[in-house]
$ cat work11.txt   # compact mmCIF, C-alpha atoms and all ligand atoms
# COMPACT_ATOMS: atom_id res chain seq x y z
CA TYR A 211 12.42 -9.14 -25.84
CA MET A 212 12.55 -5.71 -27.43
CA ILE A 213 10.86 -3.15 -25.25
CA ASP A 214 9.12 -1.23 -28.00
CA LYS A 215 5.59 -1.18 -29.35
CA GLY A 216 6.47 -2.65 -32.73
CA ASN A 217 3.55 -2.00 -35.06
CA HIS A 218 1.10 -1.52 -32.23
CA ARG A 219 -0.46 1.70 -30.97
CA HIS A 220 0.00 0.74 -27.33
CA PHE A 221 1.97 -1.74 -25.26
CA MET A 222 -1.34 -3.17 -24.10
CA GLU A 223 -2.33 -4.02 -27.67
CA LYS A 224 1.08 -5.55 -28.32
CA GLU A 225 0.89 -7.59 -25.13
CA ILE A 226 -2.62 -8.84 -25.98
CA HIS A 227 -1.26 -10.05 -29.31
CA GLU A 228 1.75 -11.77 -27.75
CA GLN A 229 -0.45 -14.11 -25.76
CA SER A 230 -0.44 -17.04 -28.16
CA GLU A 231 3.35 -17.11 -28.03
CA VAL A 232 3.90 -16.49 -24.31
CA VAL A 233 1.17 -18.88 -23.19
CA SER A 234 2.81 -21.47 -25.42
CA HIS A 235 6.21 -20.83 -23.76
CA THR A 236 4.69 -21.03 -20.32
CA LEU A 237 2.75 -24.23 -21.01
CA SER A 238 5.85 -25.88 -22.49
CA HIS A 239 7.69 -25.19 -19.25
CA TYR A 240 5.12 -27.16 -17.24
CA ILE A 241 3.87 -29.74 -19.69
CA ASP A 242 5.51 -32.47 -21.69
CA PHE A 243 3.41 -32.48 -24.85
CA ILE A 244 5.15 -35.59 -26.18
CA GLU A 245 4.24 -37.68 -23.13
CA ASN A 246 0.96 -35.78 -22.58
CA LYS A 247 1.87 -35.24 -18.94
CA VAL A 248 2.53 -32.40 -16.55
CA ARG A 249 6.29 -32.27 -15.94
CA LYS A 250 7.58 -33.17 -12.52
CA PRO A 251 9.48 -30.07 -11.40
CA ALA A 252 12.77 -30.32 -9.49
CA GLU A 253 11.28 -28.48 -6.55
CA GLU A 254 7.61 -28.87 -5.88
CA ILE A 255 4.77 -28.60 -3.47
CA ASP A 256 3.79 -32.09 -2.37
CA PHE A 257 0.12 -31.80 -3.22
CA SER A 258 -0.54 -35.37 -2.09
CA SER A 259 0.04 -34.43 1.54
CA VAL A 260 -1.30 -30.88 1.84
CA SER A 261 -4.64 -30.46 3.59
CA SER A 262 -5.58 -27.23 1.84
CA LEU A 263 -4.19 -24.44 -0.24
CA ALA A 264 -4.24 -20.74 0.63
CA ILE A 265 -4.04 -18.40 -2.37
CA SER A 266 -3.42 -14.69 -2.08
CA ALA A 267 -2.70 -11.91 -4.60
CA CYS A 268 -3.87 -8.45 -5.70
CA GLY A 269 -5.78 -7.12 -8.70
CA THR A 270 -5.74 -9.21 -11.84
CA ALA A 271 -3.36 -11.76 -10.28
CA TYR A 272 -5.99 -12.33 -7.56
CA LEU A 273 -8.60 -13.03 -10.24
CA ALA A 274 -6.29 -15.60 -11.85
CA GLY A 275 -6.10 -17.19 -8.39
CA LEU A 276 -9.89 -17.26 -8.18
CA VAL A 277 -10.03 -19.25 -11.44
CA GLY A 278 -7.33 -21.50 -9.95
CA LYS A 279 -9.50 -22.18 -6.91
CA TYR A 280 -12.22 -23.68 -9.14
CA TRP A 281 -9.61 -25.90 -10.83
CA PHE A 282 -7.84 -27.12 -7.68
CA GLU A 283 -11.13 -27.91 -5.99
CA ARG A 284 -12.70 -29.66 -8.96
CA LEU A 285 -9.72 -31.50 -10.44
CA ALA A 286 -7.72 -32.24 -7.27
CA ARG A 287 -10.43 -32.09 -4.58
CA LEU A 288 -8.08 -29.73 -2.76
CA PRO A 289 -9.87 -27.08 -0.66
CA VAL A 290 -8.70 -23.54 -1.46
CA GLU A 291 -8.89 -20.47 0.76
CA ILE A 292 -8.47 -17.34 -1.32
CA ASP A 293 -8.45 -13.67 -0.53
CA VAL A 294 -7.03 -10.41 -1.78
CA ALA A 295 -3.66 -9.96 -0.10
CA SER A 296 -4.66 -6.76 1.74
CA GLU A 297 -7.38 -8.73 3.59
CA PHE A 298 -5.51 -12.02 3.81
CA ARG A 299 -2.62 -10.50 5.77
CA TYR A 300 -4.85 -9.02 8.46
CA ARG A 301 -7.82 -11.29 8.86
CA GLU A 302 -5.99 -13.64 11.20
CA MET A 303 -7.32 -16.78 9.61
CA PRO A 304 -6.36 -20.01 11.31
CA LEU A 305 -3.44 -21.45 9.34
CA ASN A 306 -2.55 -25.09 9.48
CA PRO A 307 1.12 -25.99 8.83
CA THR A 308 -0.12 -28.91 6.72
CA SER A 309 -1.50 -26.37 4.25
CA ALA A 310 0.52 -24.86 1.44
CA ALA A 311 0.29 -21.26 0.30
CA LEU A 312 0.43 -19.88 -3.21
CA PHE A 313 1.11 -16.25 -4.10
CA ILE A 314 0.55 -14.84 -7.56
CA SER A 315 2.25 -11.67 -8.78
CA GLN A 316 3.39 -10.32 -12.12
CA SER A 317 5.96 -7.94 -10.59
CA GLY A 318 6.83 -10.05 -7.56
CA GLU A 319 7.03 -6.81 -5.57
CA THR A 320 3.45 -6.04 -4.53
CA ALA A 321 3.62 -5.00 -0.86
CA ASP A 322 0.45 -6.71 0.38
CA THR A 323 1.20 -9.95 -1.47
CA LEU A 324 4.71 -10.00 -0.01
CA ALA A 325 3.37 -9.36 3.50
CA SER A 326 0.89 -12.24 3.08
CA LEU A 327 3.74 -14.49 1.97
CA ARG A 328 5.78 -13.61 5.07
CA TYR A 329 2.76 -14.17 7.28
CA CYS A 330 2.32 -17.71 5.91
CA LYS A 331 6.04 -18.39 6.11
CA ASP A 332 6.01 -17.48 9.81
CA ALA A 333 3.15 -19.96 10.28
CA GLY A 334 5.33 -22.71 8.82
CA LEU A 335 3.50 -23.21 5.55
CA LYS A 336 5.26 -24.33 2.38
CA ILE A 337 5.33 -21.30 0.07
CA GLY A 338 4.88 -21.38 -3.70
CA ALA A 339 4.91 -18.27 -5.88
CA ILE A 340 3.72 -17.76 -9.45
CA VAL A 341 5.74 -14.76 -10.62
CA ASN A 342 6.65 -13.12 -13.89
CA ALA A 343 9.72 -11.28 -12.60
CA PRO A 344 12.21 -14.03 -11.67
CA GLU A 345 14.56 -11.71 -9.74
CA SER A 346 11.80 -10.26 -7.58
CA THR A 347 11.46 -10.26 -3.80
CA ILE A 348 8.48 -12.63 -3.84
CA ALA A 349 10.43 -15.07 -6.04
CA ARG A 350 13.42 -14.89 -3.66
CA GLU A 351 11.38 -15.50 -0.53
CA ALA A 352 9.25 -18.38 -1.83
CA ASP A 353 10.24 -22.03 -1.29
CA VAL A 354 9.13 -22.96 -4.81
CA VAL A 355 8.95 -20.55 -7.75
CA PHE A 356 6.58 -21.22 -10.63
CA PRO A 357 7.59 -18.80 -13.37
CA THR A 358 5.22 -17.30 -15.92
CA LEU A 359 7.16 -16.77 -19.14
CA ALA A 360 5.19 -13.73 -20.30
CA GLY A 361 8.25 -11.52 -20.78
CA PRO A 362 8.21 -7.88 -19.60
CA GLU A 363 4.71 -6.47 -19.28
CA ILE A 364 4.65 -2.67 -19.71
CA GLY A 365 0.94 -1.84 -19.92
CA VAL A 366 -0.33 -1.09 -16.41
CA ALA A 367 -3.43 -3.23 -16.98
CA SER A 368 -2.24 -6.82 -16.90
CA THR A 369 -3.06 -8.97 -19.93
CA LYS A 370 -0.46 -11.53 -20.98
CA ALA A 371 0.71 -12.08 -17.39
CA PHE A 372 -2.89 -13.04 -16.51
CA THR A 373 -3.28 -15.69 -19.21
CA CYS A 374 0.17 -17.08 -18.37
CA GLN A 375 -0.83 -17.25 -14.69
CA LEU A 376 -3.90 -19.24 -15.79
CA ALA A 377 -1.66 -21.59 -17.79
CA VAL A 378 0.48 -22.26 -14.70
CA LEU A 379 -2.55 -22.71 -12.44
CA ALA A 380 -4.15 -25.19 -14.86
CA SER A 381 -0.89 -27.17 -14.99
CA LEU A 382 -0.53 -27.17 -11.20
CA ALA A 383 -4.15 -28.21 -10.67
CA ILE A 384 -3.63 -31.17 -13.02
CA GLN A 385 -0.38 -32.05 -11.21
CA ALA A 386 -2.23 -31.85 -7.89
CA GLY A 387 -5.04 -34.04 -9.24
CA ARG A 388 -2.55 -36.72 -10.24
CA ALA A 389 -0.70 -36.50 -6.91
CA ARG A 390 -3.96 -36.79 -4.96
CA GLY A 391 -5.31 -39.62 -7.11
CA THR A 392 -8.37 -37.66 -8.23
CA LEU A 393 -7.28 -37.65 -11.89
CA SER A 394 -6.30 -40.79 -13.77
CA GLY A 395 -3.45 -40.88 -16.29
CA GLU A 396 -6.02 -40.86 -19.10
CA GLU A 397 -7.80 -37.85 -17.64
CA GLU A 398 -4.48 -36.04 -17.32
CA ALA A 399 -3.64 -36.85 -20.95
CA ALA A 400 -7.05 -35.60 -22.12
CA LEU A 401 -6.65 -32.31 -20.21
CA VAL A 402 -3.11 -31.88 -21.51
CA ARG A 403 -4.23 -32.49 -25.10
CA ASN A 404 -6.81 -29.75 -24.61
CA LEU A 405 -4.23 -27.36 -23.19
CA ALA A 406 -1.97 -28.06 -26.16
CA GLU A 407 -4.62 -26.44 -28.36
CA THR A 408 -4.60 -23.18 -26.42
CA PRO A 409 -1.91 -21.19 -28.32
CA ARG A 410 -3.50 -21.96 -31.70
CA LEU A 411 -6.96 -21.06 -30.39
CA ILE A 412 -5.70 -17.78 -28.92
CA ALA A 413 -4.24 -16.78 -32.29
CA ASN A 414 -7.44 -17.81 -34.05
CA VAL A 415 -9.66 -15.79 -31.67
CA LEU A 416 -7.45 -12.69 -31.86
CA ASN A 417 -7.62 -12.88 -35.65
CA THR A 418 -11.39 -13.10 -35.83
CA ILE A 419 -13.12 -11.10 -33.09
CA GLN A 420 -11.45 -7.68 -33.43
CA PRO A 421 -13.82 -6.09 -36.00
CA SER A 422 -16.97 -6.92 -34.00
CA ILE A 423 -15.35 -5.74 -30.80
CA GLU A 424 -14.34 -2.41 -32.33
CA LEU A 425 -17.97 -1.80 -33.34
CA LEU A 426 -19.15 -2.75 -29.88
CA ALA A 427 -16.52 -0.58 -28.19
CA ARG A 428 -17.82 2.48 -30.01
CA GLU A 429 -21.22 1.87 -28.35
CA LEU A 430 -19.73 1.10 -24.95
CA SER A 431 -17.70 4.30 -24.99
CA LYS A 432 -21.03 6.19 -24.73
CA CYS A 433 -22.13 4.32 -21.60
CA ARG A 434 -21.75 5.32 -17.99
CA ASP A 435 -22.06 1.87 -16.42
CA VAL A 436 -21.54 -1.71 -17.58
CA LEU A 437 -22.40 -4.94 -15.76
CA TYR A 438 -20.52 -8.23 -16.35
CA LEU A 439 -22.04 -11.59 -15.40
CA GLY A 440 -20.61 -15.11 -15.32
CA ARG A 441 -20.88 -18.42 -13.48
CA GLY A 442 -18.23 -20.96 -12.52
CA THR A 443 -14.83 -19.90 -13.87
CA SER A 444 -16.66 -17.27 -15.94
CA TYR A 445 -17.43 -15.47 -12.67
CA PRO A 446 -13.78 -14.45 -12.02
CA LEU A 447 -13.69 -13.44 -15.69
CA ALA A 448 -16.70 -11.19 -15.16
CA LEU A 449 -14.77 -9.55 -12.32
CA GLU A 450 -11.70 -9.25 -14.53
CA GLY A 451 -13.75 -7.76 -17.38
CA ALA A 452 -15.17 -5.09 -15.08
CA LEU A 453 -11.75 -4.39 -13.56
CA LYS A 454 -10.12 -3.96 -16.97
CA LEU A 455 -12.86 -1.66 -18.25
CA LYS A 456 -12.75 0.67 -15.26
CA GLU A 457 -8.94 0.70 -15.10
CA ILE A 458 -8.39 1.95 -18.62
CA SER A 459 -11.65 3.51 -19.89
CA TYR A 460 -12.82 4.95 -16.51
CA ILE A 461 -16.32 3.67 -17.25
CA HIS A 462 -17.95 2.34 -14.12
CA ALA A 463 -18.26 -1.43 -14.34
CA GLU A 464 -19.18 -4.22 -11.97
CA GLY A 465 -18.71 -7.94 -12.21
CA TYR A 466 -21.21 -10.26 -10.56
CA ALA A 467 -21.80 -13.98 -10.21
CA ALA A 468 -24.73 -14.50 -12.57
CA GLY A 469 -26.79 -16.09 -9.80
CA GLU A 470 -26.42 -12.94 -7.69
CA LEU A 471 -28.19 -10.84 -10.31
CA LYS A 472 -31.50 -11.17 -8.53
CA HIS A 473 -29.95 -10.23 -5.20
CA GLY A 474 -29.25 -6.65 -6.15
CA PRO A 475 -27.89 -5.62 -9.53
CA ILE A 476 -31.15 -6.46 -11.33
CA ALA A 477 -32.51 -3.25 -9.82
CA LEU A 478 -30.10 -1.32 -12.06
CA ILE A 479 -31.15 -2.92 -15.34
CA ASP A 480 -32.42 -0.53 -17.99
CA GLU A 481 -31.59 0.27 -21.61
CA ASN A 482 -28.70 2.49 -20.51
CA MET A 483 -26.58 -0.16 -18.84
CA PRO A 484 -25.27 -2.89 -21.13
CA VAL A 485 -24.87 -6.32 -19.56
CA ILE A 486 -21.96 -8.43 -20.76
CA VAL A 487 -22.78 -12.10 -20.25
CA ILE A 488 -19.87 -14.55 -20.36
CA ALA A 489 -21.31 -17.98 -21.03
CA PRO A 490 -19.51 -20.79 -22.80
CA PHE A 491 -21.76 -23.77 -23.58
CA ASP A 492 -20.72 -25.58 -20.39
CA ARG A 493 -22.58 -27.18 -17.50
CA PHE A 494 -23.64 -23.69 -16.28
CA PHE A 495 -24.93 -22.48 -19.62
CA GLU A 496 -28.68 -22.98 -19.05
CA LYS A 497 -28.53 -21.25 -15.69
CA THR A 498 -26.67 -18.25 -17.05
CA VAL A 499 -29.05 -18.00 -20.01
CA SER A 500 -32.00 -17.86 -17.64
CA ASN A 501 -30.29 -14.92 -15.88
CA MET A 502 -29.79 -13.35 -19.28
CA GLN A 503 -33.51 -13.70 -20.00
CA GLU A 504 -34.25 -11.84 -16.77
CA VAL A 505 -32.09 -9.00 -18.08
CA ALA A 506 -33.80 -9.02 -21.48
CA ALA A 507 -37.27 -9.06 -19.90
CA ARG A 508 -36.39 -5.77 -18.17
CA GLY A 509 -35.24 -4.03 -21.30
CA GLY A 510 -31.52 -4.57 -20.63
CA ARG A 511 -29.16 -4.64 -23.61
CA ILE A 512 -27.07 -7.79 -23.75
CA ILE A 513 -23.60 -8.44 -25.05
CA PHE A 514 -23.31 -12.20 -25.23
CA ILE A 515 -19.88 -13.82 -25.20
CA THR A 516 -20.32 -17.51 -25.93
CA ASP A 517 -19.27 -20.28 -28.28
CA GLU A 518 -20.77 -21.73 -31.46
CA ARG A 519 -22.98 -24.13 -29.53
CA GLY A 520 -24.13 -21.44 -27.12
CA ALA A 521 -24.98 -19.03 -29.94
CA ALA A 522 -26.95 -21.73 -31.78
CA ALA A 523 -28.88 -22.66 -28.63
CA THR A 524 -30.07 -19.13 -27.82
CA LYS A 525 -32.61 -17.00 -29.59
CA LEU A 526 -32.32 -13.73 -27.70
CA GLU A 527 -31.89 -10.39 -29.33
CA THR A 528 -28.52 -9.01 -28.31
CA MET A 529 -26.60 -5.79 -28.81
CA ALA A 530 -23.68 -7.98 -29.90
CA THR A 531 -22.85 -11.68 -29.80
CA ILE A 532 -19.18 -12.57 -29.74
CA VAL A 533 -18.67 -16.16 -30.77
CA LEU A 534 -15.60 -18.13 -29.74
CA PRO A 535 -14.71 -21.71 -30.65
CA ALA A 536 -16.26 -24.36 -28.41
CA VAL A 537 -13.52 -25.59 -26.07
CA ASP A 538 -12.97 -27.73 -23.00
CA GLU A 539 -13.64 -26.13 -19.60
CA ILE A 540 -9.91 -26.09 -18.80
CA ILE A 541 -9.12 -23.68 -21.66
CA ALA A 542 -12.23 -21.51 -21.56
CA PRO A 543 -10.92 -18.92 -19.05
CA VAL A 544 -7.79 -18.25 -21.15
CA LEU A 545 -9.86 -17.85 -24.31
CA TYR A 546 -12.62 -15.74 -22.75
CA ALA A 547 -9.98 -13.41 -21.30
CA LEU A 548 -9.31 -12.22 -24.87
CA PRO A 549 -12.66 -10.58 -25.74
CA ILE A 550 -12.68 -9.09 -22.27
CA GLN A 551 -9.26 -7.49 -22.76
CA LEU A 552 -10.14 -6.28 -26.25
CA ILE A 553 -13.45 -4.76 -25.13
CA ALA A 554 -11.63 -2.73 -22.47
CA TYR A 555 -8.80 -1.83 -24.84
CA HIS A 556 -10.91 -0.64 -27.77
CA THR A 557 -13.37 1.20 -25.53
CA ALA A 558 -10.48 3.06 -23.90
CA VAL A 559 -9.04 3.89 -27.33
CA PHE A 560 -12.40 5.42 -28.33
CA MET A 561 -12.48 7.38 -25.09
CA GLY A 562 -8.97 8.66 -25.77
CA THR A 563 -7.54 7.71 -22.39
CA ASP A 564 -3.90 6.94 -21.69
CA VAL A 565 -4.29 3.19 -22.19
CA ASP A 566 -0.82 2.10 -21.08
CA GLN A 567 -0.65 4.45 -18.10
CA PRO A 568 -4.13 5.08 -16.81
CA ARG A 569 -4.54 7.90 -14.31
CA ASN A 570 -3.88 7.13 -10.63
CA LEU A 571 -2.66 3.57 -11.27
CA ALA A 572 0.83 2.12 -10.98
CA LYS A 573 2.26 -1.01 -12.56
CA SER A 574 3.83 -2.20 -9.36
CA VAL A 575 2.32 -1.26 -5.99
CA THR A 576 5.13 -1.47 -3.47
CA VAL A 577 3.38 0.48 -0.73
CA GLU A 578 0.49 -0.74 1.36
C1 LIG Q 601 -1.48 -3.20 -9.86
C2 LIG Q 601 -1.60 -3.35 -11.38
C3 LIG Q 601 -2.49 -4.54 -11.72
C4 LIG Q 601 -1.97 -5.79 -11.02
C5 LIG Q 601 -1.83 -5.60 -9.52
C6 LIG Q 601 -1.04 -6.72 -8.88
O1 LIG Q 601 -2.70 -2.77 -9.34
O2 LIG Q 601 -2.14 -2.18 -11.96
O3 LIG Q 601 -2.51 -4.77 -13.13
O4 LIG Q 601 -2.84 -6.85 -11.28
O5 LIG Q 601 -1.08 -4.41 -9.23
O6 LIG Q 601 0.28 -6.67 -9.35
P1 LIG Q 601 1.26 -7.90 -9.33
O7 LIG Q 601 2.55 -7.35 -9.87
O8 LIG Q 601 1.39 -8.34 -7.90
O9 LIG Q 601 0.67 -8.94 -10.18

$ encode --input "work11.txt" --output "structure tokens"
Amino acid sequence: YMIDKGNHRHFMEKEIHEQSEVVSHTLSHYIDFIENKVRKPAEEIDFSSVSSLAISACGTAYLAGLVGKYWFERLARLPVEIDVASEFRYREMPLNPTSAALFISQSGETADTLASLRYCKDAGLKIGAIVNAPESTIAREADVVFPTLAGPEIGVASTKAFTCQLAVLASLAIQAGRARGTLSGEEEAALVRNLAETPRLIANVLNTIQPSIELLARELSKCRDVLYLGRGTSYPLALEGALKLKEISYIHAEGYAAGELKHGPIALIDENMPVIVIAPFDRFFEKTVSNMQEVAARGGRIIFITDERGAAATKLETMATIVLPAVDEIIAPVLYALPIQLIAYHTAVFMGTDVDQPRNLAKSVTVE
């Protein structure tokens, strides 16, 4: 890896565009695409015998973990406890030594994540770590290391590390499903065939959505607040979208579970606050669309991120509709991360902020 920006204006832009390649590397490490199976690693967590999984991380890595929770629970029927590391380490949750713990960190040095790891280790749990920096403290102290092969990430706002973390979590959830007997060999093969499409789809999406996102970003750069909504695995993405936008453009943004709209944020809806709705045409689609109609009925401006089927099924007037290819639920979070990253990136570029080194933020947070 050459640590320069190449033809890109910022490291963040370069890292967004590397995702097809690095997600492909990462998936190939975990999946045998000839056999259509998740590889059996030399060292592993024995998912067949663990009673639950505790996941802990900070920032964007935490949001990858939140997507992972949906996958482990649905595909492997494995209960997941998840919290941000700064809460996890202090909330004195009852830990069962039959549980395993999973820590997610790009740098492998985040102080709260490391403290959570040590806390679980003291309780006798088996420790797994998804890390991008193989020589890091978290990698050294874990029992099992699951590398993300994203290469060095320079932009403070995490992009390619996040999608690689999702690739690892999807692979581990499938592995856990096989170990626990909740996924058949055919189901595993079908999921793996879907994952195999991811790098090509990432490249395809990055090649097609940029112009519409640049137009949209010009509008967003004039806004003071933005709301993101999603359901299922699109809910962590709504949180990630809001996090990215505030980190690098300094526009206030909030992410909400779409179903929570009526429990508070609907009071904020007016023509001044765009609402970004993340809704692939999945089993949650109808529900999310009904939330979107509640926004429209109150004069809210909608930015709809969906797929071809979702766009065809909806007749709402939107400020922008970003259309992605229709994909299986297991790939959707990786693909929907792309418009979310690009919206934040292009908005920040319009605002003229220091995209790679936003004010007050650090790439690696080694103090509590
Ligand atoms: C900082 C970075 C974020 C990152 C978080 C966790 O806040 O700005 O982009 O998600 O730390 O970092 P880690 O290295 O543990 O993934």

$ residues_near_point --input "work11.txt" --point "(-6.5, -22.4, -1.3)" --cutoff "6 Å" --atoms "only C-alpha atoms" --output "PyMOL selection string"
chain A and resi 262-265+289-292

$ atom_distance --input "work11.txt" --atom1 "atom CA of A:Leu335" --atom2 "atom CA of A:Glu351"
12.6 Å

$ atom_distance --input "work11.txt" --atom1 "atom CA of A:Ile412" --atom2 "atom CA of A:Gln551"
12.5 Å

$ axis_aligned_box --input "work11.txt" --around "ligand LIG 601 (chain Q)" --padding-each-side "4 Å" --output "AutoDock Vina command-line options"
--center_x -0.1 --center_y -5.6 --center_z -10.5 --size_x 13.4 --size_y 14.8 --size_z 13.2

$ residues_near_ligand --input "work11.txt" --ligand "ligand LIG 601 (chain Q)" --cutoff "7 Å" --atoms "only C-alpha atoms and all ligand atoms" --output "list in words"
Ala267, Cys268, Gly269, Thr270, Ala271, Ile314, Ser315, Gln316, Ser317, Gly318, Glu319, Thr320, Thr323, Val366, Ala367, Ser368, Leu571, Ala572, Lys573, Ser574 and Val575 of chain A

$ residues_near_point --input "work11.txt" --point "(-32.6, -8.4, -16.4)" --cutoff "10 Å" --atoms "only C-alpha atoms" --output "PyMOL selection string"
chain A and resi 471-472+475-480+485+500-512

$ atom_distance --input "work11.txt" --atom1 "atom CA of A:Ala371" --atom2 "atom CA of A:Asn342"
7.0 Å

$ build_atoms --input "work11.txt" --residues "stretch 491-510 of chain A" --atoms "N, CA and C atoms" --output "PDB file, in the frame of the given file"
ATOM      1  N   PHE A 491     -20.731 -22.711 -23.648  1.00  0.00           N
ATOM      2  CA  PHE A 491     -21.760 -23.770 -23.580  1.00  0.00           C
ATOM      3  C   PHE A 491     -21.221 -24.879 -22.678  1.00  0.00           C
ATOM      4  N   ASP A 492     -21.247 -24.618 -21.368  1.00  0.00           N
ATOM      5  CA  ASP A 492     -20.720 -25.580 -20.390  1.00  0.00           C
ATOM      6  C   ASP A 492     -21.850 -26.025 -19.473  1.00  0.00           C
ATOM      7  N   ARG A 493     -21.501 -26.667 -18.344  1.00  0.00           N
ATOM      8  CA  ARG A 493     -22.580 -27.180 -17.500  1.00  0.00           C
ATOM      9  C   ARG A 493     -23.363 -26.078 -16.798  1.00  0.00           C
ATOM     10  N   PHE A 494     -22.909 -24.817 -16.901  1.00  0.00           N
ATOM     11  CA  PHE A 494     -23.640 -23.690 -16.280  1.00  0.00           C
ATOM     12  C   PHE A 494     -24.503 -22.938 -17.277  1.00  0.00           C
ATOM     13  N   PHE A 495     -24.375 -23.303 -18.556  1.00  0.00           N
ATOM     14  CA  PHE A 495     -24.930 -22.480 -19.620  1.00  0.00           C
ATOM     15  C   PHE A 495     -26.418 -22.150 -19.423  1.00  0.00           C
ATOM     16  N   GLU A 496     -27.231 -23.198 -19.183  1.00  0.00           N
ATOM     17  CA  GLU A 496     -28.680 -22.980 -19.050  1.00  0.00           C
ATOM     18  C   GLU A 496     -29.003 -22.002 -17.947  1.00  0.00           C
ATOM     19  N   LYS A 497     -28.288 -22.136 -16.844  1.00  0.00           N
ATOM     20  CA  LYS A 497     -28.530 -21.250 -15.690  1.00  0.00           C
ATOM     21  C   LYS A 497     -28.209 -19.810 -16.052  1.00  0.00           C
ATOM     22  N   THR A 498     -27.082 -19.617 -16.701  1.00  0.00           N
ATOM     23  CA  THR A 498     -26.670 -18.250 -17.050  1.00  0.00           C
ATOM     24  C   THR A 498     -27.646 -17.654 -18.067  1.00  0.00           C
ATOM     25  N   VAL A 499     -28.097 -18.494 -19.013  1.00  0.00           N
ATOM     26  CA  VAL A 499     -29.050 -18.000 -20.010  1.00  0.00           C
ATOM     27  C   VAL A 499     -30.349 -17.575 -19.331  1.00  0.00           C
ATOM     28  N   SER A 500     -30.765 -18.278 -18.304  1.00  0.00           N
ATOM     29  CA  SER A 500     -32.000 -17.860 -17.640  1.00  0.00           C
ATOM     30  C   SER A 500     -31.782 -16.505 -16.938  1.00  0.00           C
ATOM     31  N   ASN A 501     -30.590 -16.259 -16.422  1.00  0.00           N
ATOM     32  CA  ASN A 501     -30.290 -14.920 -15.880  1.00  0.00           C
ATOM     33  C   ASN A 501     -30.317 -13.867 -16.986  1.00  0.00           C
ATOM     34  N   MET A 502     -29.822 -14.269 -18.152  1.00  0.00           N
ATOM     35  CA  MET A 502     -29.790 -13.350 -19.280  1.00  0.00           C
ATOM     36  C   MET A 502     -31.207 -12.976 -19.713  1.00  0.00           C
ATOM     37  N   GLN A 503     -32.119 -13.977 -19.646  1.00  0.00           N
ATOM     38  CA  GLN A 503     -33.510 -13.700 -20.000  1.00  0.00           C
ATOM     39  C   GLN A 503     -34.145 -12.711 -19.025  1.00  0.00           C
ATOM     40  N   GLU A 504     -33.727 -12.802 -17.758  1.00  0.00           N
ATOM     41  CA  GLU A 504     -34.250 -11.840 -16.770  1.00  0.00           C
ATOM     42  C   GLU A 504     -33.799 -10.426 -17.130  1.00  0.00           C
ATOM     43  N   VAL A 505     -32.593 -10.309 -17.655  1.00  0.00           N
ATOM     44  CA  VAL A 505     -32.090  -9.000 -18.080  1.00  0.00           C
ATOM     45  C   VAL A 505     -32.894  -8.501 -19.272  1.00  0.00           C
ATOM     46  N   ALA A 506     -33.082  -9.399 -20.257  1.00  0.00           N
ATOM     47  CA  ALA A 506     -33.800  -9.020 -21.480  1.00  0.00           C
ATOM     48  C   ALA A 506     -35.234  -8.606 -21.154  1.00  0.00           C
ATOM     49  N   ALA A 507     -35.865  -9.334 -20.239  1.00  0.00           N
ATOM     50  CA  ALA A 507     -37.270  -9.060 -19.900  1.00  0.00           C
ATOM     51  C   ALA A 507     -37.419  -7.670 -19.276  1.00  0.00           C
ATOM     52  N   ARG A 508     -36.336  -7.104 -18.786  1.00  0.00           N
ATOM     53  CA  ARG A 508     -36.390  -5.770 -18.170  1.00  0.00           C
ATOM     54  C   ARG A 508     -35.801  -4.691 -19.069  1.00  0.00           C
ATOM     55  N   GLY A 509     -35.700  -5.038 -20.335  1.00  0.00           N
ATOM     56  CA  GLY A 509     -35.240  -4.030 -21.300  1.00  0.00           C
ATOM     57  C   GLY A 509     -33.741  -3.829 -21.326  1.00  0.00           C
ATOM     58  N   GLY A 510     -32.990  -4.707 -20.648  1.00  0.00           N
ATOM     59  CA  GLY A 510     -31.520  -4.570 -20.630  1.00  0.00           C
ATOM     60  C   GLY A 510     -30.931  -4.952 -21.979  1.00  0.00           C
TER      61      GLY A 510
END
